[in-house]
$ cat final32.cif   # mmCIF, N, CA and C atoms
data_entry
loop_
_atom_site.label_atom_id
_atom_site.label_comp_id
_atom_site.auth_asym_id
_atom_site.auth_seq_id
_atom_site.Cartn_x
_atom_site.Cartn_y
_atom_site.Cartn_z
N MET A 80 0.82 -1.18 0.00
CA MET A 80 0.00 0.00 0.00
C MET A 80 0.87 1.25 0.00
N THR A 81 1.92 1.26 0.78
CA THR A 81 2.79 2.43 0.81
C THR A 81 3.48 2.63 -0.53
N THR A 82 3.73 1.59 -1.26
CA THR A 82 4.37 1.73 -2.56
C THR A 82 3.46 2.48 -3.52
N THR A 83 2.16 2.18 -3.52
CA THR A 83 1.21 2.88 -4.38
C THR A 83 1.12 4.35 -3.99
N ALA A 84 1.10 4.63 -2.68
CA ALA A 84 1.04 6.02 -2.22
C ALA A 84 2.30 6.78 -2.63
N ASN A 85 3.45 6.12 -2.53
CA ASN A 85 4.70 6.76 -2.94
C ASN A 85 4.72 7.06 -4.43
N ARG A 86 4.21 6.11 -5.23
CA ARG A 86 4.15 6.33 -6.69
C ARG A 86 3.22 7.49 -7.02
N PHE A 87 2.08 7.54 -6.35
CA PHE A 87 1.14 8.64 -6.58
C PHE A 87 1.77 9.98 -6.20
N GLY A 88 2.48 10.02 -5.08
CA GLY A 88 3.14 11.25 -4.64
C GLY A 88 4.20 11.70 -5.62
N VAL A 89 4.97 10.78 -6.15
CA VAL A 89 6.01 11.11 -7.14
C VAL A 89 5.35 11.60 -8.43
N LEU A 90 4.29 10.93 -8.86
CA LEU A 90 3.58 11.33 -10.07
C LEU A 90 2.99 12.73 -9.90
N ALA A 91 2.37 13.00 -8.77
CA ALA A 91 1.79 14.33 -8.51
C ALA A 91 2.89 15.39 -8.50
N PHE A 92 4.02 15.06 -7.91
CA PHE A 92 5.14 16.00 -7.88
C PHE A 92 5.64 16.29 -9.30
N LEU A 93 5.77 15.26 -10.12
CA LEU A 93 6.25 15.44 -11.50
C LEU A 93 5.27 16.27 -12.33
N VAL A 94 3.97 16.02 -12.17
CA VAL A 94 2.96 16.80 -12.90
C VAL A 94 3.01 18.27 -12.46
N ALA A 95 3.09 18.51 -11.16
CA ALA A 95 3.16 19.88 -10.65
C ALA A 95 4.43 20.57 -11.14
N ALA A 96 5.57 19.87 -11.15
CA ALA A 96 6.82 20.45 -11.63
C ALA A 96 6.72 20.79 -13.11
N PHE A 97 6.08 19.92 -13.89
CA PHE A 97 5.90 20.16 -15.32
C PHE A 97 5.03 21.40 -15.56
N VAL A 98 3.93 21.52 -14.84
CA VAL A 98 3.03 22.67 -14.99
C VAL A 98 3.76 23.96 -14.62
N ILE A 99 4.50 23.96 -13.54
CA ILE A 99 5.24 25.16 -13.11
C ILE A 99 6.30 25.51 -14.15
N ALA A 100 7.00 24.51 -14.67
CA ALA A 100 8.02 24.77 -15.69
C ALA A 100 7.39 25.38 -16.95
N MET A 101 6.24 24.90 -17.36
CA MET A 101 5.57 25.45 -18.55
C MET A 101 5.14 26.90 -18.32
N VAL A 102 4.63 27.18 -17.13
CA VAL A 102 4.23 28.55 -16.81
C VAL A 102 5.44 29.47 -16.84
N VAL A 103 6.54 29.03 -16.27
CA VAL A 103 7.76 29.85 -16.22
C VAL A 103 8.30 30.08 -17.63
N LEU A 104 8.19 29.09 -18.50
CA LEU A 104 8.71 29.22 -19.85
C LEU A 104 7.79 30.04 -20.76
N ILE A 105 6.49 29.93 -20.58
CA ILE A 105 5.54 30.58 -21.48
C ILE A 105 5.20 32.00 -21.04
N LEU A 106 5.06 32.24 -19.76
CA LEU A 106 4.60 33.54 -19.26
C LEU A 106 5.40 34.73 -19.77
N PRO A 107 6.73 34.67 -19.80
CA PRO A 107 7.47 35.85 -20.29
C PRO A 107 7.22 36.16 -21.77
N HIS A 108 6.69 35.21 -22.52
CA HIS A 108 6.48 35.41 -23.95
C HIS A 108 5.08 35.89 -24.29
N ILE A 109 4.24 36.03 -23.31
CA ILE A 109 2.89 36.54 -23.56
C ILE A 109 2.97 38.05 -23.63
N PRO A 110 2.59 38.65 -24.78
CA PRO A 110 2.69 40.11 -24.89
C PRO A 110 1.70 40.79 -23.95
N ILE A 111 2.21 41.71 -23.20
CA ILE A 111 1.38 42.46 -22.26
C ILE A 111 1.47 43.93 -22.62
N GLN A 112 0.34 44.55 -22.87
CA GLN A 112 0.32 45.96 -23.19
C GLN A 112 -0.35 46.71 -22.05
N PRO A 113 0.19 47.89 -21.76
CA PRO A 113 -0.44 48.65 -20.68
C PRO A 113 -1.86 49.03 -21.05
N ILE A 114 -2.71 49.00 -20.09
CA ILE A 114 -4.10 49.37 -20.30
C ILE A 114 -4.36 50.66 -19.55
N ALA A 115 -4.79 51.66 -20.26
CA ALA A 115 -5.12 52.92 -19.61
C ALA A 115 -6.45 52.75 -18.89
N VAL A 116 -6.53 53.24 -17.71
CA VAL A 116 -7.75 53.13 -16.93
C VAL A 116 -8.47 54.47 -16.97
N ALA A 117 -9.67 54.44 -17.47
CA ALA A 117 -10.45 55.67 -17.56
C ALA A 117 -11.08 55.99 -16.22
N VAL A 118 -11.33 57.26 -16.01
CA VAL A 118 -12.04 57.69 -14.81
C VAL A 118 -13.52 57.39 -15.05
N PRO A 119 -14.13 56.54 -14.24
CA PRO A 119 -15.52 56.19 -14.48
C PRO A 119 -16.42 57.43 -14.47
N ASN A 120 -17.31 57.47 -15.43
CA ASN A 120 -18.31 58.53 -15.55
C ASN A 120 -17.71 59.92 -15.71
N ALA A 121 -16.46 60.02 -16.20
CA ALA A 121 -15.89 61.33 -16.50
C ALA A 121 -16.71 61.94 -17.62
N ALA A 122 -16.74 63.25 -17.67
CA ALA A 122 -17.56 63.95 -18.66
C ALA A 122 -16.80 65.15 -19.22
N PRO A 123 -17.15 65.57 -20.43
CA PRO A 123 -16.48 66.73 -21.03
C PRO A 123 -16.78 68.01 -20.27
N ASN A 124 -15.83 68.93 -20.32
CA ASN A 124 -16.04 70.23 -19.68
C ASN A 124 -16.74 71.19 -20.64
N ASP A 125 -16.95 72.43 -20.21
CA ASP A 125 -17.67 73.42 -21.02
C ASP A 125 -16.96 73.69 -22.34
N HIS A 126 -15.61 73.81 -22.30
CA HIS A 126 -14.87 74.08 -23.53
C HIS A 126 -15.12 72.99 -24.56
N ALA A 127 -15.00 71.74 -24.13
CA ALA A 127 -15.19 70.62 -25.05
C ALA A 127 -16.60 70.63 -25.64
N MET A 128 -17.57 70.92 -24.80
CA MET A 128 -18.96 70.95 -25.28
C MET A 128 -19.19 72.09 -26.26
N GLU A 129 -18.64 73.29 -25.96
CA GLU A 129 -18.84 74.44 -26.85
C GLU A 129 -18.14 74.25 -28.19
N LYS A 130 -16.93 73.70 -28.15
CA LYS A 130 -16.15 73.59 -29.37
C LYS A 130 -16.46 72.32 -30.16
N HIS A 131 -16.73 71.20 -29.46
CA HIS A 131 -16.87 69.92 -30.15
C HIS A 131 -18.24 69.27 -30.00
N GLY A 132 -19.08 69.80 -29.13
CA GLY A 132 -20.47 69.33 -28.99
C GLY A 132 -20.61 67.84 -28.77
N GLU A 133 -21.42 67.22 -29.62
CA GLU A 133 -21.72 65.78 -29.49
C GLU A 133 -20.46 64.92 -29.62
N ASP A 134 -19.46 65.42 -30.35
CA ASP A 134 -18.22 64.65 -30.48
C ASP A 134 -17.51 64.51 -29.13
N ALA A 135 -17.61 65.55 -28.29
CA ALA A 135 -17.00 65.49 -26.96
C ALA A 135 -17.71 64.43 -26.10
N ILE A 136 -19.01 64.39 -26.19
CA ILE A 136 -19.78 63.38 -25.44
C ILE A 136 -19.42 61.98 -25.95
N ALA A 137 -19.34 61.83 -27.27
CA ALA A 137 -18.99 60.53 -27.85
C ALA A 137 -17.58 60.10 -27.42
N ALA A 138 -16.66 61.07 -27.32
CA ALA A 138 -15.29 60.75 -26.89
C ALA A 138 -15.29 60.20 -25.47
N TYR A 139 -16.04 60.83 -24.58
CA TYR A 139 -16.10 60.33 -23.20
C TYR A 139 -16.88 59.02 -23.09
N ASN A 140 -17.88 58.84 -23.94
CA ASN A 140 -18.58 57.55 -23.96
C ASN A 140 -17.63 56.43 -24.37
N CYS A 141 -16.78 56.74 -25.34
CA CYS A 141 -15.77 55.77 -25.77
C CYS A 141 -14.83 55.45 -24.60
N LEU A 142 -14.36 56.49 -23.95
CA LEU A 142 -13.42 56.36 -22.84
C LEU A 142 -14.01 55.60 -21.66
N ASN A 143 -15.29 55.79 -21.43
CA ASN A 143 -15.95 55.20 -20.26
C ASN A 143 -16.54 53.82 -20.54
N GLY A 144 -16.03 53.14 -21.54
CA GLY A 144 -16.44 51.76 -21.75
C GLY A 144 -17.09 51.46 -23.07
N GLY A 145 -17.38 52.48 -23.87
CA GLY A 145 -18.02 52.23 -25.15
C GLY A 145 -17.05 51.83 -26.25
N GLY A 146 -15.75 51.98 -25.99
CA GLY A 146 -14.75 51.68 -27.02
C GLY A 146 -13.54 51.02 -26.41
N VAL A 147 -12.47 51.00 -27.19
CA VAL A 147 -11.22 50.37 -26.78
C VAL A 147 -10.17 51.46 -26.60
N ILE A 148 -9.61 51.56 -25.41
CA ILE A 148 -8.56 52.55 -25.15
C ILE A 148 -7.27 52.03 -25.78
N LYS A 149 -6.71 52.81 -26.69
CA LYS A 149 -5.51 52.40 -27.42
C LYS A 149 -4.23 52.85 -26.72
N GLY A 150 -4.33 53.84 -25.84
CA GLY A 150 -3.14 54.28 -25.11
C GLY A 150 -3.32 55.66 -24.54
N THR A 151 -2.50 55.98 -23.54
CA THR A 151 -2.48 57.30 -22.93
C THR A 151 -1.06 57.83 -23.03
N PHE A 152 -0.94 59.07 -23.47
CA PHE A 152 0.36 59.67 -23.73
C PHE A 152 0.45 61.00 -22.99
N THR A 153 1.62 61.29 -22.43
CA THR A 153 1.81 62.47 -21.59
C THR A 153 2.65 63.51 -22.31
N ARG A 154 2.34 64.77 -22.04
CA ARG A 154 3.13 65.88 -22.57
C ARG A 154 3.97 66.44 -21.43
N ASP A 155 5.29 66.41 -21.58
CA ASP A 155 6.20 66.84 -20.51
C ASP A 155 6.02 68.31 -20.15
N ALA A 156 5.72 69.15 -21.13
CA ALA A 156 5.65 70.59 -20.90
C ALA A 156 4.67 70.97 -19.79
N ASP A 157 3.52 70.29 -19.73
CA ASP A 157 2.51 70.66 -18.74
C ASP A 157 1.89 69.46 -18.02
N GLY A 158 2.33 68.26 -18.36
CA GLY A 158 1.82 67.06 -17.70
C GLY A 158 0.46 66.60 -18.19
N ARG A 159 -0.07 67.26 -19.21
CA ARG A 159 -1.37 66.84 -19.73
C ARG A 159 -1.28 65.45 -20.34
N LYS A 160 -2.43 64.76 -20.33
CA LYS A 160 -2.49 63.41 -20.86
C LYS A 160 -3.50 63.36 -22.01
N ALA A 161 -3.10 62.70 -23.08
CA ALA A 161 -3.99 62.47 -24.22
C ALA A 161 -4.29 60.98 -24.27
N THR A 162 -5.56 60.64 -24.13
CA THR A 162 -5.98 59.25 -24.21
C THR A 162 -6.67 59.04 -25.55
N VAL A 163 -6.20 58.03 -26.28
CA VAL A 163 -6.77 57.71 -27.58
C VAL A 163 -7.69 56.52 -27.40
N CYS A 164 -8.91 56.65 -27.92
CA CYS A 164 -9.91 55.60 -27.79
C CYS A 164 -10.50 55.31 -29.17
N LEU A 165 -10.76 54.05 -29.45
CA LEU A 165 -11.33 53.64 -30.73
C LEU A 165 -12.70 53.02 -30.50
N GLU A 166 -13.69 53.57 -31.20
CA GLU A 166 -15.03 52.99 -31.16
C GLU A 166 -15.48 52.79 -32.60
N GLY A 167 -15.73 51.54 -32.94
CA GLY A 167 -16.03 51.23 -34.34
C GLY A 167 -14.79 51.53 -35.17
N SER A 168 -14.92 52.45 -36.12
CA SER A 168 -13.77 52.84 -36.93
C SER A 168 -13.38 54.30 -36.67
N THR A 169 -13.88 54.87 -35.58
CA THR A 169 -13.62 56.27 -35.26
C THR A 169 -12.70 56.39 -34.06
N TYR A 170 -11.66 57.23 -34.22
CA TYR A 170 -10.74 57.50 -33.12
C TYR A 170 -11.18 58.76 -32.39
N TYR A 171 -11.09 58.72 -31.07
CA TYR A 171 -11.39 59.87 -30.22
C TYR A 171 -10.15 60.17 -29.40
N VAL A 172 -9.99 61.45 -29.05
CA VAL A 172 -8.90 61.88 -28.19
C VAL A 172 -9.50 62.66 -27.03
N VAL A 173 -9.12 62.28 -25.82
CA VAL A 173 -9.55 63.00 -24.62
C VAL A 173 -8.30 63.57 -23.97
N ILE A 174 -8.28 64.89 -23.80
CA ILE A 174 -7.15 65.58 -23.18
C ILE A 174 -7.54 65.93 -21.75
N GLU A 175 -6.66 65.58 -20.80
CA GLU A 175 -6.91 65.88 -19.39
C GLU A 175 -5.66 66.44 -18.74
N GLU A 176 -5.86 67.25 -17.73
CA GLU A 176 -4.74 67.74 -16.93
C GLU A 176 -4.13 66.57 -16.18
N SER A 177 -2.95 66.76 -15.61
CA SER A 177 -2.29 65.68 -14.87
C SER A 177 -3.13 65.22 -13.68
N ASP A 178 -3.98 66.09 -13.15
CA ASP A 178 -4.83 65.71 -12.01
C ASP A 178 -6.16 65.09 -12.45
N GLY A 179 -6.35 64.92 -13.76
CA GLY A 179 -7.55 64.28 -14.28
C GLY A 179 -8.65 65.22 -14.71
N ASP A 180 -8.49 66.54 -14.48
CA ASP A 180 -9.50 67.50 -14.92
C ASP A 180 -9.57 67.53 -16.44
N SER A 181 -10.77 67.60 -16.96
CA SER A 181 -10.99 67.61 -18.40
C SER A 181 -10.47 68.90 -19.04
N VAL A 182 -9.81 68.76 -20.18
CA VAL A 182 -9.36 69.91 -20.97
C VAL A 182 -10.18 69.98 -22.25
N SER A 183 -10.21 68.87 -23.00
CA SER A 183 -10.98 68.82 -24.23
C SER A 183 -11.21 67.38 -24.63
N ALA A 184 -12.14 67.17 -25.54
CA ALA A 184 -12.44 65.85 -26.05
C ALA A 184 -13.01 66.01 -27.44
N PHE A 185 -12.53 65.22 -28.38
CA PHE A 185 -12.96 65.38 -29.77
C PHE A 185 -12.71 64.09 -30.54
N LYS A 186 -13.32 64.03 -31.73
CA LYS A 186 -13.07 62.87 -32.58
C LYS A 186 -12.12 63.27 -33.69
N LYS A 187 -11.39 62.31 -34.18
CA LYS A 187 -10.47 62.51 -35.28
C LYS A 187 -10.94 61.65 -36.44
N ASP A 188 -12.09 62.02 -37.02
CA ASP A 188 -12.69 61.19 -38.05
C ASP A 188 -11.97 61.25 -39.39
N LYS A 189 -11.13 62.26 -39.58
CA LYS A 189 -10.37 62.32 -40.83
C LYS A 189 -9.13 61.44 -40.75
N LEU A 190 -8.75 61.04 -39.55
CA LEU A 190 -7.61 60.15 -39.37
C LEU A 190 -8.15 58.72 -39.35
N LYS A 191 -7.67 57.90 -40.24
CA LYS A 191 -8.26 56.57 -40.44
C LYS A 191 -7.48 55.43 -39.81
N CYS A 192 -6.28 55.72 -39.27
CA CYS A 192 -5.54 54.63 -38.64
C CYS A 192 -4.82 55.15 -37.40
N PHE A 193 -4.48 54.22 -36.52
CA PHE A 193 -3.84 54.56 -35.25
C PHE A 193 -2.54 55.32 -35.46
N ALA A 194 -1.79 54.96 -36.49
CA ALA A 194 -0.52 55.62 -36.77
C ALA A 194 -0.72 57.12 -37.02
N GLN A 195 -1.78 57.47 -37.71
CA GLN A 195 -2.06 58.88 -37.98
C GLN A 195 -2.43 59.63 -36.70
N VAL A 196 -3.18 58.98 -35.83
CA VAL A 196 -3.55 59.60 -34.56
C VAL A 196 -2.30 59.80 -33.70
N LEU A 197 -1.41 58.82 -33.68
CA LEU A 197 -0.16 58.96 -32.92
C LEU A 197 0.68 60.11 -33.45
N GLN A 198 0.73 60.26 -34.76
CA GLN A 198 1.49 61.37 -35.33
C GLN A 198 0.85 62.71 -34.94
N PHE A 199 -0.48 62.76 -34.95
CA PHE A 199 -1.21 63.97 -34.56
C PHE A 199 -0.85 64.39 -33.13
N ILE A 200 -0.92 63.45 -32.18
CA ILE A 200 -0.64 63.83 -30.79
C ILE A 200 0.85 64.07 -30.57
N SER A 201 1.70 63.36 -31.30
CA SER A 201 3.14 63.59 -31.20
C SER A 201 3.48 65.00 -31.67
N ASN A 202 2.84 65.45 -32.72
CA ASN A 202 3.07 66.81 -33.24
C ASN A 202 2.65 67.88 -32.24
N ARG A 203 1.83 67.53 -31.27
CA ARG A 203 1.38 68.47 -30.25
C ARG A 203 2.15 68.31 -28.94
N GLY A 204 3.26 67.56 -28.99
CA GLY A 204 4.16 67.47 -27.85
C GLY A 204 3.97 66.29 -26.93
N TYR A 205 3.03 65.42 -27.22
CA TYR A 205 2.82 64.25 -26.37
C TYR A 205 3.87 63.19 -26.70
N LYS A 206 4.37 62.55 -25.65
CA LYS A 206 5.43 61.55 -25.83
C LYS A 206 4.84 60.25 -26.34
N VAL A 207 5.21 59.92 -27.57
CA VAL A 207 4.82 58.64 -28.16
C VAL A 207 6.11 57.83 -28.27
N PRO A 208 6.12 56.59 -27.79
CA PRO A 208 7.34 55.79 -27.85
C PRO A 208 7.91 55.72 -29.26
N GLU A 209 9.23 55.79 -29.35
CA GLU A 209 9.92 55.80 -30.64
C GLU A 209 9.54 54.62 -31.52
N ASP A 210 9.36 53.44 -30.92
CA ASP A 210 9.05 52.27 -31.74
C ASP A 210 7.67 52.40 -32.40
N LEU A 211 6.75 53.10 -31.75
CA LEU A 211 5.44 53.34 -32.38
C LEU A 211 5.54 54.38 -33.48
N LEU A 212 6.36 55.41 -33.23
CA LEU A 212 6.54 56.44 -34.26
C LEU A 212 7.29 55.89 -35.46
N ALA A 213 8.18 54.94 -35.23
CA ALA A 213 8.91 54.34 -36.35
C ALA A 213 7.93 53.69 -37.32
N CYS A 214 6.86 53.11 -36.79
CA CYS A 214 5.84 52.52 -37.66
C CYS A 214 5.12 53.60 -38.45
N VAL A 215 4.97 54.78 -37.85
CA VAL A 215 4.30 55.89 -38.52
C VAL A 215 5.17 56.39 -39.67
N ILE A 216 6.46 56.57 -39.39
CA ILE A 216 7.37 57.16 -40.35
C ILE A 216 7.75 56.14 -41.42
N GLY A 217 8.00 54.89 -40.99
CA GLY A 217 8.51 53.86 -41.90
C GLY A 217 7.51 53.19 -42.71
#
$ encode --input "final32.cif" --output "structure tokens"
Amino acid sequence: MTTTANRFGVLAFLVAAFVIAMVVLILPHIPIQPIAVAVPNAAPNDHAMEKHGEDAIAAYNCLNGGGVIKGTFTRDADGRKATVCLEGSTYYVVIEESDGDSVSAFKKDKLKCFAQVLQFISNRGYKVPEDLLACVIG
């Protein structure tokens, strides 16, 4: 009886060691991208509403769960953050102060791909990683 228990214990140990080894080998190769976390129920400010109207509302709807957040980029000059969100085939940009206060929100419907949106925000001083800009330029 003890021989069967010992065999089972060895087998369980080997299976557990195999599973742990696979996790250790595979986990570093799973691509992980940062996910920007939107402020729940954030809304456009007066400027955004006056200048961009329904587009500002649509931008915040995208940010608050209606779309896919593609990334958040910071501008060193003032700490503002530009969050790019995609809903359907339309890109939206929400600009916020470093403390989260709304600055503006609008859609970029003339820009048809993420690379163009990245170039747009990069031209306005937001830090876009070089490897992403290389895709835009190259």
$ atom_distance --input "final32.cif" --atom1 "atom N of A:Asp155" --atom2 "atom C of A:Phe185"
20.2 Å
$ select_by_dssp --input "final32.cif" --residues "stretch 87-192 of chain A" --states "alpha helix (DSSP H)" --output "MDAnalysis selection string"
chainID A and resid 87:105 125:131 133:140
$ closest_residue --input "final32.cif" --among "A:Asn143, A:Gln195, A:Ser181, A:Phe152" --to "A:Pro208" --atoms "only N, CA and C atoms"
A:Phe152
$ select_by_dssp --input "final32.cif" --residues "chain A" --states "strand (DSSP E)" --output "ChimeraX atom specification"
/A:147-153,160-166,169-175,181-186
$ closest_residue --input "final32.cif" --among "A:Arg86, A:Phe92, A:Asn124, A:Ile200" --to "A:Asp180" --atoms "all atoms listed in the file"
A:Asn124
$ decode --input "final32.cif" --residues "stretch 140-199 of chain A" --atoms "C-alpha atoms" --output "compact mmCIF listing (two decimals), in the first residue's frame"
# COMPACT_ATOMS: atom_id res chain seq x y z
CA ASN A 140 -18.58 57.55 -23.96
CA CYS A 141 -15.77 55.77 -25.77
CA LEU A 142 -13.42 56.36 -22.84
CA ASN A 143 -15.95 55.20 -20.26
CA GLY A 144 -16.44 51.76 -21.75
CA GLY A 145 -18.02 52.23 -25.15
CA GLY A 146 -14.75 51.68 -27.02
CA VAL A 147 -11.22 50.37 -26.78
CA ILE A 148 -8.56 52.55 -25.15
CA LYS A 149 -5.51 52.40 -27.42
CA GLY A 150 -3.14 54.28 -25.11
CA THR A 151 -2.48 57.30 -22.93
CA PHE A 152 0.36 59.67 -23.73
CA THR A 153 1.81 62.47 -21.59
CA ARG A 154 3.13 65.88 -22.57
CA ASP A 155 6.20 66.84 -20.51
CA ALA A 156 5.65 70.59 -20.90
CA ASP A 157 2.51 70.66 -18.74
CA GLY A 158 1.82 67.06 -17.70
CA ARG A 159 -1.37 66.84 -19.73
CA LYS A 160 -2.49 63.41 -20.86
CA ALA A 161 -3.99 62.47 -24.22
CA THR A 162 -5.98 59.25 -24.21
CA VAL A 163 -6.77 57.71 -27.58
CA CYS A 164 -9.91 55.60 -27.79
CA LEU A 165 -11.33 53.64 -30.73
CA GLU A 166 -15.03 52.99 -31.16
CA GLY A 167 -16.03 51.23 -34.34
CA SER A 168 -13.77 52.84 -36.93
CA THR A 169 -13.62 56.27 -35.26
CA TYR A 170 -10.74 57.50 -33.12
CA TYR A 171 -11.39 59.87 -30.22
CA VAL A 172 -8.90 61.88 -28.19
CA VAL A 173 -9.55 63.00 -24.62
CA ILE A 174 -7.15 65.58 -23.18
CA GLU A 175 -6.91 65.88 -19.39
CA GLU A 176 -4.74 67.74 -16.93
CA SER A 177 -2.29 65.68 -14.87
CA ASP A 178 -4.83 65.71 -12.01
CA GLY A 179 -7.55 64.28 -14.28
CA ASP A 180 -9.50 67.50 -14.92
CA SER A 181 -10.99 67.61 -18.40
CA VAL A 182 -9.36 69.91 -20.97
CA SER A 183 -10.98 68.82 -24.23
CA ALA A 184 -12.44 65.85 -26.05
CA PHE A 185 -12.96 65.38 -29.77
CA LYS A 186 -13.07 62.87 -32.58
CA LYS A 187 -10.47 62.51 -35.28
CA ASP A 188 -12.69 61.19 -38.05
CA LYS A 189 -10.37 62.32 -40.83
CA LEU A 190 -7.61 60.15 -39.37
CA LYS A 191 -8.26 56.57 -40.44
CA CYS A 192 -5.54 54.63 -38.64
CA PHE A 193 -3.84 54.56 -35.25
CA ALA A 194 -0.52 55.62 -36.77
CA GLN A 195 -2.06 58.88 -37.98
CA VAL A 196 -3.55 59.60 -34.56
CA LEU A 197 -0.16 58.96 -32.92
CA GLN A 198 1.49 61.37 -35.33
CA PHE A 199 -1.21 63.97 -34.56
